[in-house]
Each structure stands twice: as C-alpha cells, then as structure tokens.
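Peer 1: For reference, this is target-v5.csv, and it has CSV, C-alpha atoms.
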chain,number,residue,atom,x,y,z
A,42,MET,CA,136.6,110.9,144.3
A,43,ALA,CA,134.7,110.5,141.1
A,44,THR,CA,132.3,107.7,140.7
A,45,THR,CA,131.8,105.7,137.6
A,46,THR,CA,128.3,105.6,136.2
A,47,SER,CA,127.0,102.5,134.5
A,48,LYS,CA,127.1,104.5,131.2
A,49,ASP,CA,130.9,105.2,131.7
A,50,ALA,CA,131.7,101.5,132.6
A,51,PRO,CA,131.9,100.1,129.0
A,52,ARG,CA,134.0,103.1,127.9
A,53,GLU,CA,136.3,102.6,130.9
A,54,GLU,CA,136.7,98.9,130.3
A,55,LEU,CA,137.4,99.5,126.6
A,56,GLY,CA,140.1,102.1,127.5
A,57,ALA,CA,141.7,99.7,130.0
A,58,THR,CA,141.6,96.9,127.5
A,59,GLN,CA,143.3,99.1,124.9
A,60,ALA,CA,146.0,100.0,127.5
A,61,ALA,CA,146.5,96.3,128.2
A,62,LEU,CA,146.8,95.6,124.4
A,63,ALA,CA,149.4,98.4,124.1
A,64,ALA,CA,151.4,96.9,127.0
A,65,GLU,CA,151.3,93.5,125.3
A,66,HIS,CA,152.5,94.9,122.0
A,67,ALA,CA,155.4,96.5,123.9
A,68,ALA,CA,156.1,93.3,125.8
A,69,VAL,CA,156.2,91.2,122.6
A,70,TYR,CA,158.7,93.8,121.2
A,71,GLY,CA,160.7,93.8,124.4
A,72,TYR,CA,160.9,90.0,124.6
A,73,GLY,CA,162.4,90.1,121.1
A,74,VAL,CA,165.3,92.1,122.6
A,75,VAL,CA,165.4,89.8,125.7
A,76,GLY,CA,165.6,86.7,123.5
A,77,GLY,CA,168.5,88.2,121.5
A,78,ARG,CA,170.6,89.0,124.7
A,79,ILE,CA,169.6,86.4,127.2
A,80,GLY,CA,171.9,83.4,127.9
A,81,THR,CA,171.1,80.0,126.4
A,82,ASP,CA,170.2,78.7,129.9
A,83,ARG,CA,167.2,81.2,130.1
A,84,ARG,CA,166.3,81.3,126.5
A,85,PRO,CA,163.4,78.7,126.9
A,86,GLU,CA,162.0,80.9,129.7
A,87,ALA,CA,162.2,84.0,127.4
A,88,GLN,CA,160.5,82.1,124.5
A,89,SER,CA,157.7,80.9,126.8
A,90,ALA,CA,157.1,84.5,128.0
A,91,TYR,CA,157.2,85.8,124.4
A,92,ASP,CA,154.6,83.1,123.4
A,93,ALA,CA,152.4,84.0,126.4
A,94,HIS,CA,152.4,87.7,125.6
A,95,ARG,CA,151.6,87.0,122.0
A,96,ALA,CA,148.6,84.9,123.0
A,97,ARG,CA,147.4,87.6,125.5
A,98,ARG,CA,147.8,90.2,122.8
A,99,ASP,CA,145.7,88.2,120.3
A,100,ALA,CA,143.0,87.6,123.0
A,101,LEU,CA,143.0,91.3,123.8
A,102,ARG,CA,142.5,92.2,120.1
A,103,ARG,CA,139.4,90.0,120.2
A,104,THR,CA,138.2,91.6,123.4
A,105,VAL,CA,138.5,95.1,122.0
A,106,ARG,CA,136.4,94.1,119.1
A,107,GLU,CA,133.8,92.5,121.4
A,108,LEU,CA,133.6,95.8,123.3
A,109,GLY,CA,133.0,97.7,120.1
A,110,GLY,CA,136.4,99.1,119.6
A,111,ALA,CA,139.1,98.9,116.9
A,112,PRO,CA,142.3,97.3,118.3
A,113,GLN,CA,145.2,99.6,118.2
A,114,ALA,CA,148.2,98.5,116.2
A,115,ALA,CA,151.6,97.9,117.5
A,116,ALA,CA,154.2,100.6,117.0
A,117,ALA,CA,157.1,100.0,114.6
A,118,ALA,CA,159.5,100.1,117.5
A,119,TYR,CA,159.6,100.9,121.2
A,120,GLU,CA,162.1,102.8,123.3
A,121,LEU,CA,163.7,100.6,125.9
A,122,PRO,CA,163.9,101.9,129.5
A,123,PHE,CA,167.6,101.3,129.5
A,124,PRO,CA,170.4,99.8,127.3
A,125,VAL,CA,170.4,96.0,127.1
A,126,PRO,CA,174.0,95.0,126.2
A,127,ASP,CA,174.1,91.6,128.0
A,128,ALA,CA,172.2,88.8,129.6
A,129,ALA,CA,171.9,90.5,133.0
A,130,ALA,CA,170.4,93.6,131.5
A,131,ALA,CA,168.1,91.3,129.4
A,132,ALA,CA,166.8,89.7,132.6
A,133,ARG,CA,166.2,93.1,134.2
A,134,LEU,CA,164.3,94.2,131.0
A,135,ALA,CA,162.1,91.1,131.2
A,136,ALA,CA,161.3,91.9,134.9
A,137,GLU,CA,160.5,95.5,133.9
A,138,LEU,CA,158.3,94.4,131.1
A,139,GLU,CA,156.3,92.1,133.4
A,140,ASP,CA,156.0,94.9,136.0
A,141,ARG,CA,154.6,97.2,133.4
A,142,VAL,CA,152.2,94.6,132.0
A,143,ALA,CA,151.0,93.8,135.6
A,144,ALA,CA,150.2,97.4,136.2
A,145,VAL,CA,147.9,97.7,133.2
A,146,TYR,CA,146.2,94.4,134.1
A,147,ALA,CA,145.6,95.7,137.6
A,148,ASP,CA,143.8,98.7,136.0
A,149,LEU,CA,141.8,96.3,133.8
A,150,VAL,CA,140.8,94.1,136.8
A,151,ARG,CA,139.3,97.3,138.3
A,152,ALA,CA,137.5,98.3,135.1
A,153,ALA,CA,136.2,95.0,133.9
A,154,ASP,CA,133.7,92.5,135.2
A,155,GLY,CA,132.7,88.9,134.5
A,156,ALA,CA,134.9,86.8,132.3
A,157,HIS,CA,137.0,89.8,131.2
A,158,ARG,CA,137.9,90.6,134.8
A,159,LYS,CA,138.8,86.9,135.4
A,160,ASP,CA,141.1,86.9,132.4
A,161,ALA,CA,142.7,90.2,133.5
A,162,ALA,CA,143.3,88.8,137.0
A,163,ALA,CA,144.9,85.7,135.5
A,164,ALA,CA,147.1,87.8,133.3
A,165,LEU,CA,148.1,89.9,136.3
A,166,ARG,CA,149.0,86.8,138.3
A,167,GLU,CA,151.0,85.4,135.3
A,168,ALA,CA,153.0,88.6,134.9
A,169,ALA,CA,153.7,88.8,138.6
A,170,VAL,CA,155.0,85.2,138.6
A,171,ARG,CA,157.2,85.8,135.6
A,172,ALA,CA,158.6,89.1,137.2
A,173,VAL,CA,159.5,87.2,140.3
A,174,ARG,CA,161.3,84.5,138.2
A,175,TRP,CA,163.3,87.1,136.3
A,176,ARG,CA,164.1,89.3,139.2
A,177,GLY,CA,164.4,86.7,141.9
A,178,SER,CA,162.1,88.5,144.3
A,179,GLY,CA,158.6,89.8,144.4
A,180,VAL,CA,156.6,92.7,145.6
A,181,ALA,CA,153.7,92.8,148.1
A,182,PHE,CA,151.0,94.0,145.6
A,183,PRO,CA,152.0,93.2,142.0
A,184,GLY,CA,150.6,95.7,139.5
A,185,LEU,CA,150.3,98.5,142.0
A,186,VAL,CA,152.9,101.3,142.2
A,187,GLU,CA,154.8,101.0,145.5
A,188,ARG,CA,154.9,104.3,147.2
A,189,ALA,CA,157.2,105.1,150.1
A,190,ALA,CA,155.4,107.3,152.6
A,191,ALA,CA,157.6,110.1,153.9
A,192,PRO,CA,157.3,110.4,157.6
A,193,ALA,CA,155.6,113.6,158.9
A,194,PRO,CA,157.9,115.9,160.9
A,195,SER,CA,157.3,115.5,164.6
A,196,GLY,CA,154.6,117.7,166.0
A,197,ALA,CA,153.2,118.4,162.5
A,198,ALA,CA,150.0,117.2,161.0
A,199,SER,CA,150.2,114.3,158.7
A,200,THR,CA,150.3,114.8,155.0
A,201,PRO,CA,147.0,115.2,153.1
A,202,ALA,CA,145.6,112.0,151.6
A,203,ASP,CA,145.8,113.4,148.0
A,204,ALA,CA,149.5,114.4,148.3
A,205,LEU,CA,151.1,111.3,146.9
Please express what this file holds, its structure, as structure tokens.
Peer 2:
Amino acid sequence: MATTTSKDAPREELGATQAALAAEHAAVYGYGVVGGRIGTDRRPEAQSAYDAHRARRDALRRTVRELGGAPQAAAAAYELPFPVPDAAAAARLAAELEDRVAAVYADLVRAADGAHRKDAAAALREAAVRAVRWRGSGVAFPGLVERAAAPAPSGAASTPADAL
C-alpha cells in the first residue's frame, strides 16, 4: 500500500476536489433531466436537490481556487447511464446521481482535512439521504462500492486481499 507524503497531500486534495466538482456538474445536468420527467408530486424534491447540487458546485469552485487550481468547466452534455422516458426512470436516475456524488465525496473525505473534510462529510451525508429518499432504501456504507465476496471453494485457501 502506498503512503501519502505531506508533499502529496495538497495535490491529492485538489484532485479529489476537482473530481467532486465534476460530479456536481454532472448532477446538475442530470437533475435537469430528472426535473423534466419526474411527476408533479416529486418535482419540489427534484428542485431542492438541483438547488443543493448547484450550491455545492459553486462552493467547490471556490475551494479549487483556494487550493491553487483552476476549476474545471462543465461539459456541454453528459451521457446518461440509462434512458429516462418516465417518472420511474427519473427517480432511478436521481438515486444513481446521488450514489455517484456520494462516492466522490467519500474520496474527498479521505483526501481532505479541516473544514474541507467537514464540508465533504456533510455533502456525503446529504447525498446519501437524498439517494434513500429517491430509492426508498439505503446502503450500509454510502459512497463506498459494495462488493460481494465470492466464497472460497471448500478446502481451498481464501482469495488474496488484492483480488477484488
């Protein structure tokens, strides 16, 4: 396992912040699609999430500058993970967006410290809560990829730790 030196820490934090900014750009785009397809009963929830992601995006732009970087711009368009023809698919997309945002914030929590870490943890928590609301269920560790461990054959040694 590689260790991070104190010289690498600012670069790692900037990279993780840029990744979070990219995820927020994608979430803002994605919620534009969600808002166009979601039913009127959930439209306020979609608008609230859209506003929250815009605010996080703007805060991350400032943080990137504080860390000495140039904030990356949003893409003109993003490829959706699946077609979104109706309200049910829009709700699935919203949950997927939140899962993806949570994953990059989990990385940022690891890379940052101080106030930036606290902000990243709050953003991770908010994304996890929104994902649960959209999906109707949660996961044990939001932001971390869930991996199913394949059982080792009987009488065989267990799988090596790096064979995920």
Peer 1: Could you give me, as a short mmCIF file (atom, residue, chain, number, x, y, z; two decimals) with C-alpha atoms, in the coordinates of the input, the residues that sit within 12 Å of (160.8, 99.9, 123.9) in the file's coordinates, counting all atoms listed in the file?
Peer 2:
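Output saved as selection.cif:
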data_model
loop_
_atom_site.label_atom_id
_atom_site.label_comp_id
_atom_site.auth_asym_id
_atom_site.auth_seq_id
_atom_site.Cartn_x
_atom_site.Cartn_y
_atom_site.Cartn_z
CA ALA A 63 149.40 98.40 124.10
CA ALA A 64 151.40 96.90 127.00
CA GLU A 65 151.30 93.50 125.30
CA HIS A 66 152.50 94.90 122.00
CA ALA A 67 155.40 96.50 123.90
CA ALA A 68 156.10 93.30 125.80
CA VAL A 69 156.20 91.20 122.60
CA TYR A 70 158.70 93.80 121.20
CA GLY A 71 160.70 93.80 124.40
CA TYR A 72 160.90 90.00 124.60
CA GLY A 73 162.40 90.10 121.10
CA VAL A 74 165.30 92.10 122.60
CA VAL A 75 165.40 89.80 125.70
CA ALA A 115 151.60 97.90 117.50
CA ALA A 116 154.20 100.60 117.00
CA ALA A 117 157.10 100.00 114.60
CA ALA A 118 159.50 100.10 117.50
CA TYR A 119 159.60 100.90 121.20
CA GLU A 120 162.10 102.80 123.30
CA LEU A 121 163.70 100.60 125.90
CA PRO A 122 163.90 101.90 129.50
CA PHE A 123 167.60 101.30 129.50
CA PRO A 124 170.40 99.80 127.30
CA VAL A 125 170.40 96.00 127.10
CA LEU A 134 164.30 94.20 131.00
CA ALA A 135 162.10 91.10 131.20
CA GLU A 137 160.50 95.50 133.90
CA LEU A 138 158.30 94.40 131.10
CA ARG A 141 154.60 97.20 133.40
#
Peer 1: Mind dumping a table of every segment 54-131 of chain A residue within 10 Å of segment 146-149 of chain A, with the nearest atom pair and its distance in Å to one decimal, using all atoms listed in the file, sorted by chain and rising number, as JSON lines?
Peer 2:
{"residue": "A:Glu54", "atom": "CA", "partner": "A:Leu149", "partner_atom": "CA", "distance": 6.7}
{"residue": "A:Leu55", "atom": "CA", "partner": "A:Leu149", "partner_atom": "CA", "distance": 9.0}
{"residue": "A:Gly56", "atom": "CA", "partner": "A:Leu149", "partner_atom": "CA", "distance": 8.7}
{"residue": "A:Ala57", "atom": "CA", "partner": "A:Leu149", "partner_atom": "CA", "distance": 5.1}
{"residue": "A:Thr58", "atom": "CA", "partner": "A:Leu149", "partner_atom": "CA", "distance": 6.3}
{"residue": "A:Gln59", "atom": "CA", "partner": "A:Leu149", "partner_atom": "CA", "distance": 9.4}
{"residue": "A:Ala60", "atom": "CA", "partner": "A:Leu149", "partner_atom": "CA", "distance": 8.4}
{"residue": "A:Ala61", "atom": "CA", "partner": "A:Tyr146", "partner_atom": "CA", "distance": 6.2}
{"residue": "A:Leu62", "atom": "CA", "partner": "A:Tyr146", "partner_atom": "CA", "distance": 9.8}
{"residue": "A:Ala64", "atom": "CA", "partner": "A:Tyr146", "partner_atom": "CA", "distance": 9.1}
Peer 1: For Arg133 of chain A, list every protein, DNA or RNA residue within 8 Å, evaluated using all atoms listed in the file, and leave out those in the same chain fewer than 4 positions away; present the list as a list in words.
Peer 2: Ala129, Glu137, Trp175 and Arg176 of chain A
Peer 1: Just to be explicit: take each residue in the selection above, keep C-alpha atoms, and write the result as a PDB file, keeping the file's coordinate frame.
Peer 2:
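Written output follows (part_27.pdb):
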ATOM      1  CA  ALA A 129     171.900  90.500 133.000  1.00  0.00           C
ATOM      2  CA  GLU A 137     160.500  95.500 133.900  1.00  0.00           C
ATOM      3  CA  TRP A 175     163.300  87.100 136.300  1.00  0.00           C
ATOM      4  CA  ARG A 176     164.100  89.300 139.200  1.00  0.00           C
TER       5      ARG A 176
END
Peer 1: Please, what distance in Å, to one decimal, runs between atom CA of Arg166 of chain A and atom CA of Pro85 of chain A?
Peer 2: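 Taking atom CA of Arg166 of chain A as the start and atom CA of Pro85 of chain A as the end point, the length is 20.1 Å.
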Peer 1: Atom CA of Val173 of chain A and atom CA of Arg158 of chain A are how many Å apart?
Peer 2: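 Result for atom CA of Val173 of chain A versus atom CA of Arg158 of chain A: 22.5 Å, one decimal.
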Peer 1: Hey, can you check how far atom CA of Val145 of chain A sits from atom CA of Ala161 of chain A?
Peer 2: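 Between atom CA of Val145 of chain A and atom CA of Ala161 of chain A the gap is 9.1 Å.
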Peer 1: Would you mind listing what lies within 9 Å of Ala164 of chain A as a list of chain:residue names, with all atoms listed in the file counted and same-chain residues fewer than 3 positions away left out?
Peer 2: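 After dropping sequence-adjacent residues, the list is A:Arg97, A:Val142, A:Ala143, A:Tyr146, A:Lys159, A:Asp160, A:Ala161, A:Glu167, A:Ala168, A:Ala169.
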Peer 1: Find the residue from A:Ala163, A:His157, A:Arg174, A:Asp127 that sits nearest to Glu107 of chain A; use all atoms listed in the file when measuring.
Peer 2: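 For Glu107 of chain A, the nearest of the candidates is A:His157.
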Peer 1: I'd like to know which of A:Glu139, A:Ala153, A:Arg106, A:Ala172 is closest to His94 of chain A, using only C-alpha atoms.
Peer 2: A:Glu139
Peer 1: Name the closest residue to Ala90 of chain A among the candidates A:Ala156, A:Arg78, A:Ala111, A:Ala136; distances are taken between atoms, counting all atoms listed in the file.
Peer 2: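 With all atoms listed in the file as the atom set, the closest residue is A:Ala136.
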Peer 1: Taking all atoms listed in the file into account, name the residue in A:Ala114, A:Ala162, A:Gly177, A:Ala132 that is nearest to Ala87 of chain A.
Peer 2: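 Nearest to Ala87 of chain A: A:Ala132.
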